[in-house]
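The structure under discussion appears below in the form of structure tokens.
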Amino acid sequence: MKTILGKKIGMTQIFAETGEVIPVTVIQAGPEVVTQVKTEETDGYNAVQVGYEEQKPQRVNKPMTGHFEKSGATPRKHLAEFRVEEGESYELGQEITVADFEEGTLVDVTGTSKGKGTQGNIKRHGHHRGPMSHGSKHKRLHGALAGATYPSRVFKGNLSPGRMGRDTVTVQNVVLVKVDTDRNLMLIKGAVPGGKGSLVKVRPAIKGQSK
């Protein structure tokens, strides 16, 4: 299953032939190069490792320099690995570009959601606020966490304030509206996780049919 790495550029809109306005996310995807091919004989499973975005040679240590030289590729900033389906074959140094994806098909996009820092239980979990009348001390605080005598502790998994965001999120079955092979761009319908400039991974949808 071909997977391509890219950067989220931002959002815009395009017009369909029917005049419909389609909101799209612009992703600068690839080209990426195959830096390692893993097989059941050597590694116990079939997969390929790809590198994305060229890196200055002086910023790569000696082990990674030898790793890239073995594949015949220039140093890359990001490395990722994905499993290979039966019948698929890759070679060291092979390039994967947006031309390997078809317009109108469904894709899954994985990225890291925006970090929101430490947030309260209302914003983080959608809890209701307390009474706003005079004297209330629980306007935006969470309710009781545990009994006083029994069980005398807070159970694991209790919804409480804490860090919010910076999670790996995948949106599934979104339409790949347009592919620009000249500028290595992919226009995907709707929003995808992450902020501008964040790294995303695009792969054909596991389930679903083209629209």
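By order of appearance in the structure tokens: chains A, B, ..., then residues from 1 within every chain, and ligands from 1 in the order shown.
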| Residue list (helix (DSSP H, G or I), DSSP) for region 49-200 of chain A, as a VMD selection string | chain A and resid 57 to 59 62 to 71 98 to 100 121 to 125
Find the residues of region 64-156 of chain A that sit at most 8 Å from region 186-206 of chain A; for each, write down the nearest two atoms and how far apart they are in Å, to one decimal. Count only C-alpha atoms. Sort by chain, then by number going up, and give it as JSON lines.
{"residue": "A:Val98", "atom": "CA", "partner": "A:Met186", "partner_atom": "CA", "distance": 7.1}
{"residue": "A:Thr105", "atom": "CA", "partner": "A:Pro204", "partner_atom": "CA", "distance": 7.7}
{"residue": "A:Leu106", "atom": "CA", "partner": "A:Ala205", "partner_atom": "CA", "distance": 5.4}
{"residue": "A:Val107", "atom": "CA", "partner": "A:Ala205", "partner_atom": "CA", "distance": 4.3}
{"residue": "A:Asp108", "atom": "CA", "partner": "A:Ala205", "partner_atom": "CA", "distance": 5.0}
{"residue": "A:Val109", "atom": "CA", "partner": "A:Val202", "partner_atom": "CA", "distance": 4.7}
{"residue": "A:Thr110", "atom": "CA", "partner": "A:Lys201", "partner_atom": "CA", "distance": 5.1}
{"residue": "A:Gly111", "atom": "CA", "partner": "A:Val200", "partner_atom": "CA", "distance": 4.6}
{"residue": "A:Thr112", "atom": "CA", "partner": "A:Gly194", "partner_atom": "CA", "distance": 5.1}
{"residue": "A:Ser113", "atom": "CA", "partner": "A:Gly194", "partner_atom": "CA", "distance": 4.4}
{"residue": "A:Lys114", "atom": "CA", "partner": "A:Gly194", "partner_atom": "CA", "distance": 5.3}
Would you save the residues from that selection as a CSV table (one decimal), in the first residue's frame, using all heavy atoms?
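Output file again_23.csv is given in full below:
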chain,number,residue,atom,x,y,z
A,98,VAL,N,3.3,12.1,-6.0
A,98,VAL,CA,1.8,12.2,-6.0
A,98,VAL,C,1.2,11.6,-7.3
A,98,VAL,O,0.0,11.4,-7.3
A,98,VAL,CB,1.4,13.7,-5.9
A,98,VAL,CG1,1.9,14.3,-4.6
A,98,VAL,CG2,2.1,14.5,-7.1
A,105,THR,N,-10.2,9.4,-5.7
A,105,THR,CA,-10.2,8.2,-4.8
A,105,THR,C,-10.3,8.7,-3.3
A,105,THR,O,-10.1,9.8,-3.0
A,105,THR,CB,-8.9,7.4,-5.0
A,105,THR,OG1,-7.8,8.2,-4.8
A,105,THR,CG2,-8.9,6.8,-6.4
A,106,LEU,N,-10.5,7.7,-2.4
A,106,LEU,CA,-10.6,8.0,-1.0
A,106,LEU,C,-9.2,7.7,-0.4
A,106,LEU,O,-8.6,6.7,-0.7
A,106,LEU,CB,-11.6,7.2,-0.3
A,106,LEU,CG,-13.1,7.4,-0.8
A,106,LEU,CD1,-14.0,6.5,-0.1
A,106,LEU,CD2,-13.5,8.8,-0.7
A,107,VAL,N,-8.8,8.5,0.5
A,107,VAL,CA,-7.5,8.4,1.2
A,107,VAL,C,-7.7,8.5,2.7
A,107,VAL,O,-8.7,9.1,3.2
A,107,VAL,CB,-6.5,9.4,0.7
A,107,VAL,CG1,-6.1,9.1,-0.7
A,107,VAL,CG2,-7.0,10.8,0.9
A,108,ASP,N,-6.8,8.0,3.5
A,108,ASP,CA,-6.7,8.3,4.9
A,108,ASP,C,-5.5,9.2,5.2
A,108,ASP,O,-4.4,9.0,4.7
A,108,ASP,CB,-6.5,6.9,5.7
A,108,ASP,CG,-7.7,6.0,5.6
A,108,ASP,OD1,-8.8,6.5,5.2
A,108,ASP,OD2,-7.6,4.8,5.8
A,109,VAL,N,-5.7,10.2,6.0
A,109,VAL,CA,-4.7,11.2,6.4
A,109,VAL,C,-4.4,11.1,7.8
A,109,VAL,O,-5.3,11.3,8.7
A,109,VAL,CB,-5.1,12.6,5.9
A,109,VAL,CG1,-3.9,13.5,6.2
A,109,VAL,CG2,-5.5,12.6,4.5
A,110,THR,N,-3.1,10.9,8.2
A,110,THR,CA,-2.7,10.9,9.6
A,110,THR,C,-1.8,12.0,9.9
A,110,THR,O,-0.8,12.3,9.1
A,110,THR,CB,-2.0,9.5,9.9
A,110,THR,OG1,-2.8,8.4,9.6
A,110,THR,CG2,-1.5,9.5,11.4
A,111,GLY,N,-2.0,12.7,11.0
A,111,GLY,CA,-1.2,13.8,11.4
A,111,GLY,C,-1.3,14.0,12.9
A,111,GLY,O,-1.9,13.3,13.6
A,112,THR,N,-0.5,15.0,13.4
A,112,THR,CA,-0.5,15.3,14.9
A,112,THR,C,-1.4,16.5,15.1
A,112,THR,O,-1.1,17.6,14.5
A,112,THR,CB,0.9,15.6,15.3
A,112,THR,OG1,1.7,14.4,15.1
A,112,THR,CG2,0.9,15.8,16.8
A,113,SER,N,-2.4,16.4,15.9
A,113,SER,CA,-3.3,17.5,16.2
A,113,SER,C,-2.6,18.7,16.9
A,113,SER,O,-1.6,18.5,17.5
A,113,SER,CB,-4.5,17.0,17.0
A,113,SER,OG,-4.1,16.5,18.3
A,114,LYS,N,-3.2,19.8,16.8
A,114,LYS,CA,-2.7,21.0,17.4
A,114,LYS,C,-2.6,20.9,18.9
A,114,LYS,O,-3.6,20.4,19.5
A,114,LYS,CB,-3.5,22.3,17.0
A,114,LYS,CG,-3.4,22.6,15.6
A,114,LYS,CD,-4.2,23.9,15.3
A,114,LYS,CE,-4.2,24.3,13.8
A,114,LYS,NZ,-5.0,25.5,13.6
| Any idea what's packed within 10 Å of His127 (chain A), counting only C-alpha atoms, ignoring anything in its chain fewer than 3 positions away? Could you give it as a PyMOL selection string? | chain A and resi 120-124+130+140-143+159-160
| request: Pick out the residues sitting within 12 Å of Val154 (chain A), and hand them over as number ranges by chain; count only C-alpha atoms, and ignore anything fewer than 6 positions along from it in its own chain. | output: A: 144-148, 160
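Taking CA of Lys116 (chain A) as the reference point, CA of Val174 (chain A) is found at 25.0 Å.
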